[in-house]
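Structure below is run-v4.txt: compact mmCIF, C-alpha atoms.
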```txt
# COMPACT_ATOMS: atom_id res chain seq x y z
CA MET A 1 158.53 88.89 169.78
CA LYS A 2 155.58 90.21 167.82
CA TYR A 3 154.13 93.69 168.08
CA GLU A 4 150.61 94.57 166.95
CA PHE A 5 148.63 97.67 166.05
CA GLY A 6 144.85 98.01 165.74
CA VAL A 7 142.68 100.80 164.38
CA MET A 8 138.92 101.30 164.27
CA ALA A 9 138.16 103.79 161.52
CA SER A 10 136.10 104.30 158.40
CA ILE A 11 137.11 102.16 155.43
CA THR A 12 137.46 105.43 153.53
CA GLU A 13 140.65 106.10 155.53
CA LEU A 14 142.43 103.36 153.54
CA VAL A 15 142.21 105.34 150.30
CA GLU A 16 143.03 108.82 149.11
CA TYR A 17 141.59 110.78 146.20
CA PRO A 18 144.54 112.78 144.82
CA ASP A 19 142.29 114.79 142.49
CA GLU A 20 139.02 116.03 143.97
CA GLN A 21 137.57 116.34 140.46
CA SER A 22 138.08 112.63 139.72
CA ASP A 23 136.73 109.36 141.12
CA THR A 24 140.19 107.82 140.90
CA TYR A 25 141.74 106.84 144.20
CA ILE A 26 144.93 105.24 145.47
CA PRO A 27 145.86 103.47 148.71
CA HIS A 28 146.40 106.08 151.40
CA PRO A 29 150.13 106.98 151.36
CA ASN A 30 150.52 106.27 155.09
CA PHE A 31 148.91 102.84 154.69
CA GLN A 32 151.05 102.17 151.60
CA ILE A 33 154.21 102.88 153.60
CA ILE A 34 153.09 100.43 156.30
CA MET A 35 152.43 97.76 153.66
CA ASP A 36 155.86 98.41 152.16
CA GLN A 37 157.59 98.17 155.55
CA LEU A 38 155.86 94.85 156.29
CA GLY A 39 156.42 93.49 152.79
CA ILE A 40 152.70 92.77 152.41
CA THR A 41 150.50 93.95 149.56
CA VAL A 42 146.82 94.33 150.34
CA PRO A 43 144.49 94.80 147.35
CA VAL A 44 143.01 97.98 148.79
CA ALA A 45 141.02 98.93 145.68
CA GLU A 46 139.47 95.46 145.43
CA ILE A 47 138.49 95.43 149.13
CA TYR A 48 137.17 98.99 148.97
CA GLU A 49 135.03 98.27 145.89
CA HIS A 50 133.81 94.96 147.31
CA PHE A 51 132.87 96.62 150.60
CA PHE A 52 130.53 99.12 148.94
CA ALA A 53 129.22 96.72 146.29
CA ASN A 54 127.87 94.28 148.88
CA PRO A 55 124.92 94.79 151.20
CA VAL A 56 125.19 95.61 154.87
CA HIS A 57 125.34 92.68 157.30
CA THR A 58 128.14 91.04 155.28
CA GLY A 59 131.94 91.09 155.34
CA HIS A 60 134.67 88.70 156.40
CA VAL A 61 137.95 89.02 158.27
CA LEU A 62 140.76 89.18 155.71
CA VAL A 63 144.32 88.31 156.72
CA TYR A 64 147.24 89.07 154.40
CA SER A 65 150.59 87.63 155.41
CA ASN A 66 154.23 87.68 154.42
CA PRO A 67 155.60 84.11 154.05
CA GLU A 68 159.15 85.36 154.64
CA GLN A 69 158.11 86.85 157.99
CA PRO A 70 155.66 84.33 159.47
CA ASN A 71 154.46 86.63 162.25
CA ALA A 72 153.88 89.65 160.00
CA CYS A 73 150.33 90.21 158.74
CA ILE A 74 147.70 92.82 157.95
CA VAL A 75 144.13 92.16 159.12
CA LEU A 76 140.89 93.80 157.98
CA ASP A 77 137.52 93.01 159.55
CA THR A 78 135.19 94.14 156.76
CA TYR A 79 131.86 93.36 158.44
CA ARG A 80 129.30 96.09 157.62
CA ASP A 81 127.07 96.77 160.57
CA PRO A 82 123.57 97.68 159.36
CA LEU A 83 123.35 100.62 161.79
CA ASP A 84 126.80 102.08 161.04
CA GLN A 85 126.64 105.28 159.01
CA LEU A 86 130.40 105.91 158.83
CA ASP A 87 131.37 102.54 157.30
CA MET A 88 133.65 101.63 160.20
CA ILE A 89 135.94 98.61 160.04
CA TYR A 90 138.58 97.24 162.36
CA PHE A 91 142.01 96.70 160.86
CA GLY A 92 145.55 96.27 162.05
CA TRP A 93 148.95 94.79 161.45
CA ARG A 94 151.55 92.69 163.19
CA CYS A 95 155.30 92.90 162.80
CA SER A 96 158.01 90.53 164.02
CA SER A 97 159.41 92.97 166.53
CA GLU A 98 158.68 96.43 167.83
CA LYS A 99 160.03 98.56 165.05
CA ASP A 100 160.05 102.24 165.91
CA ASN A 101 159.28 103.22 162.33
CA ILE A 102 156.16 100.99 162.22
CA ARG A 103 155.03 102.43 165.54
CA GLU A 104 155.56 105.97 164.31
CA LEU A 105 153.88 105.24 160.96
CA SER A 106 150.91 103.57 162.67
CA ARG A 107 150.36 106.51 164.98
CA ARG A 108 150.69 108.98 162.10
CA PHE A 109 148.17 106.98 160.07
CA TYR A 110 145.67 107.08 162.96
CA ASP A 111 146.25 110.74 163.79
CA GLU A 112 145.58 111.78 160.20
CA CYS A 113 142.30 109.82 159.97
CA GLU A 114 139.18 111.97 159.72
CA PHE A 115 136.83 109.29 161.11
CA ALA A 116 138.85 107.27 163.60
CA VAL A 117 137.52 105.85 166.84
CA ARG A 118 140.23 103.71 168.45
CA TYR A 119 143.97 103.08 168.31
CA GLU A 120 145.72 100.20 170.08
CA GLU A 121 149.24 98.85 170.18
CA GLY A 122 150.79 96.01 172.10
CA GLN A 123 151.55 92.31 171.97
CA SER A 124 148.03 90.86 171.88
CA VAL A 125 145.96 93.57 170.18
CA LEU A 126 144.86 91.26 167.33
CA TYR A 127 144.46 88.16 169.48
CA LYS A 128 140.65 87.98 169.39
CA VAL A 129 140.24 88.78 165.72
CA LEU A 130 142.88 86.19 164.70
CA LYS A 131 141.67 83.41 167.01
CA GLU A 132 140.65 80.77 164.45
CA ASP A 133 138.46 78.68 166.74
CA THR A 134 135.99 81.58 167.13
CA TYR A 135 134.97 81.34 163.46
CA PRO A 136 132.51 81.33 161.93
CA ARG A 137 131.20 84.27 163.96
CA LYS A 138 127.46 84.67 163.86
CA PHE A 139 125.84 88.08 163.47
CA TYR A 140 122.07 88.50 163.72
CA TYR A 141 120.13 91.19 161.87
CA ASN A 142 116.88 89.88 160.40
CA THR A 143 118.94 86.92 159.16
CA VAL A 144 122.07 85.16 160.34
CA PHE A 145 125.41 86.01 158.75
CA GLU A 146 128.39 83.74 159.40
CA GLN A 147 131.62 85.69 159.18
CA GLN A 148 134.67 83.72 158.09
CA LEU A 149 138.39 84.22 158.64
CA LYS A 150 140.06 84.25 155.20
CA ARG A 151 143.84 84.04 154.86
CA TYR A 152 145.80 85.25 151.84
CA PRO A 153 149.56 84.62 151.64
CA ALA A 154 151.67 87.26 149.91
CA LYS A 155 152.42 86.57 146.27
```
For this file, produce the structure as structure tokens.
Amino acid sequence: MKYEFGVMASITELVEYPDEQSDTYIPHPNFQIIMDQLGITVPVAEIYEHFFANPVHTGHVLVYSNPEQPNACIVLDTYRDPLDQLDMIYFGWRCSSEKDNIRELSRRFYDECEFAVRYEEGQSVLYKVLKEDTYPRKFYYNTVFEQQLKRYPAK
């Protein structure tokens, strides 16, 4: 049985600046623990930099998986809505079974977010975002943007 968690929050919640005097950041410790528990490494710095380097009305759904645990994955919907001023994204993760530590870690991650909107957990939380036949998704804002679902197996 798979168990899924979803969060709608600012992309800035994925990183932490350990030194307020420096522009250096690291993956948020709570998110790092979740990645470690799932055995999946997400290139947080690369995604974070790419998000802010690209214009609004762009961004794909990125799926990082663990080949040793076929049901385990981390999903990030990086679409930048042109009217969003908090840089909100939807992201979540799936584990093979309901692990109490993942549930506790997920809730702690959400509770410590400064700009969080929604938290979900259950067995079909990521169903819509992972449904491959709904891609490319079309977004309209002066032009059409076709969002793709991109899968990255763990290395």
Would you list the contacts of stretch 55-61 of chain A as JSON, numbers by chain, taking every protein, DNA or RNA residue within 8 Å and counting all atoms listed in the file, but skipping same-chain residues closer than 5 positions in sequence? {"A": [75, 76, 77, 78, 79, 80, 81, 82, 129, 139, 141, 145, 147, 148, 149, 150]}
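Proximity of A:Glu49, A:Glu104, A:Glu121, A:Glu112 to A:Phe91, computed with all atoms listed in the file, is greatest for A:Glu121.
Proximity to A:Ser124 at 12 Å, evaluated using only C-alpha atoms and with sequence-adjacent residues fewer than 4 positions away removed, yields Met1, Lys2, Tyr3, Glu4, Phe5, Gly6, Gly92, Trp93, Arg94, Cys95, Glu120, Lys128, Val129, Leu130 and Lys131 of chain A.
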Neighbour residues at most 12 Å from (153.6, 105.2, 158.2) (all atoms listed in the file) as a ChimeraX atom specification: /A:5,28-38,93,99-112
Between atom CA of A:Asn66 and atom CA of A:Thr24 lies a distance of 28.0 Å
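Here atom CA of A:Pro67 is placed at a distance of 28.4 Å from atom CA of A:Ser10.
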Could you work out how far atom CA of A:Tyr140 lies from atom CA of A:Met8, giving the answer in Å with one decimal? 21.2 Å
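For the set A:Ser22, A:Ile11, A:Cys73, A:Val125, the residue with the smallest atom-to-atom gap to A:Ala45 is A:Ile11, counting only C-alpha atoms.
Considering all atoms listed in the file, the residue among A:Tyr25, A:Tyr135, A:Tyr90, A:Tyr152 positioned nearest to A:Val63 is A:Tyr152.
Among the candidate residues A:Val15, A:Tyr119, A:Gln69, A:Met88, the one lying nearest to A:Val44 is A:Val15, with distances computed using only C-alpha atoms.
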For a quick check of understanding, using all atoms listed in the file, which of A:Thr134, A:Leu83, A:Leu126, A:Ser65 has the smallest distance to A:Gly39? A:Ser65
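When all atoms listed in the file are used to measure the gap to A:Thr41, the shortest distance among A:Thr143, A:Ala72, A:Glu16, A:Asn54 belongs to A:Ala72.
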Quick one: 3 Å padding each side, axis-aligned, all listed atoms of stretch 100-104 of chain A - centre and edge lengths in Å to one decimal, as JSON?
```
{"center_x": 157.5, "center_y": 103.5, "center_z": 164.1, "size_x": 11.0, "size_y": 11.0, "size_z": 9.7}
```
Kindly reconstruct stretch 101-119 of chain A with N, CA, C and O atoms and present the result as a compact mmCIF listing (two decimals), in the frame of the given file.
```txt
# COMPACT_ATOMS: atom_id res chain seq x y z
N ASN A 101 159.87 102.57 163.50
CA ASN A 101 159.28 103.22 162.33
C ASN A 101 157.85 102.75 162.11
O ASN A 101 156.99 103.54 161.73
N ILE A 102 157.53 101.48 162.36
CA ILE A 102 156.16 100.99 162.22
C ILE A 102 155.27 101.65 163.28
O ILE A 102 154.15 102.05 163.00
N ARG A 103 155.80 101.79 164.46
CA ARG A 103 155.03 102.43 165.54
C ARG A 103 154.73 103.88 165.18
O ARG A 103 153.60 104.35 165.32
N GLU A 104 155.73 104.58 164.71
CA GLU A 104 155.56 105.97 164.31
C GLU A 104 154.60 106.09 163.13
O GLU A 104 153.71 106.95 163.12
N LEU A 105 154.75 105.22 162.13
CA LEU A 105 153.88 105.24 160.96
C LEU A 105 152.43 104.91 161.34
O LEU A 105 151.50 105.51 160.81
N SER A 106 152.26 103.96 162.24
CA SER A 106 150.91 103.57 162.67
C SER A 106 150.22 104.72 163.38
O SER A 106 149.04 105.00 163.12
N ARG A 107 150.95 105.39 164.25
CA ARG A 107 150.36 106.51 164.98
C ARG A 107 150.04 107.67 164.04
O ARG A 107 149.00 108.31 164.16
N ARG A 108 150.93 107.92 163.07
CA ARG A 108 150.69 108.98 162.10
C ARG A 108 149.46 108.67 161.27
O ARG A 108 148.62 109.53 161.02
N PHE A 109 149.34 107.40 160.84
CA PHE A 109 148.17 106.98 160.07
C PHE A 109 146.90 107.29 160.86
O PHE A 109 145.97 107.90 160.36
N TYR A 110 146.85 106.86 162.12
CA TYR A 110 145.67 107.08 162.96
C TYR A 110 145.40 108.57 163.18
O TYR A 110 144.26 109.03 163.07
N ASP A 111 146.43 109.32 163.50
CA ASP A 111 146.25 110.74 163.79
C ASP A 111 145.73 111.53 162.60
O ASP A 111 145.06 112.54 162.77
N GLU A 112 146.03 111.07 161.39
CA GLU A 112 145.58 111.78 160.20
C GLU A 112 144.22 111.29 159.69
O GLU A 112 143.71 111.82 158.71
N CYS A 113 143.63 110.30 160.36
CA CYS A 113 142.30 109.82 159.97
C CYS A 113 141.24 110.86 160.33
O CYS A 113 141.29 111.45 161.41
N GLU A 114 140.28 111.05 159.44
CA GLU A 114 139.18 111.97 159.72
C GLU A 114 138.13 111.31 160.60
O GLU A 114 137.56 111.94 161.48
N PHE A 115 137.85 110.03 160.35
CA PHE A 115 136.83 109.29 161.11
C PHE A 115 137.46 108.09 161.79
O PHE A 115 137.29 106.96 161.36
N ALA A 116 138.20 108.34 162.84
CA ALA A 116 138.85 107.27 163.60
C ALA A 116 138.27 107.23 165.01
O ALA A 116 137.94 108.26 165.59
N VAL A 117 138.14 106.03 165.53
CA VAL A 117 137.52 105.85 166.84
C VAL A 117 138.51 105.33 167.88
O VAL A 117 138.50 105.75 169.02
N ARG A 118 139.37 104.37 167.46
CA ARG A 118 140.23 103.71 168.45
C ARG A 118 141.58 103.36 167.84
O ARG A 118 141.67 102.99 166.68
N TYR A 119 142.61 103.47 168.68
CA TYR A 119 143.97 103.08 168.31
C TYR A 119 144.53 102.23 169.44
O TYR A 119 144.40 102.59 170.61
```
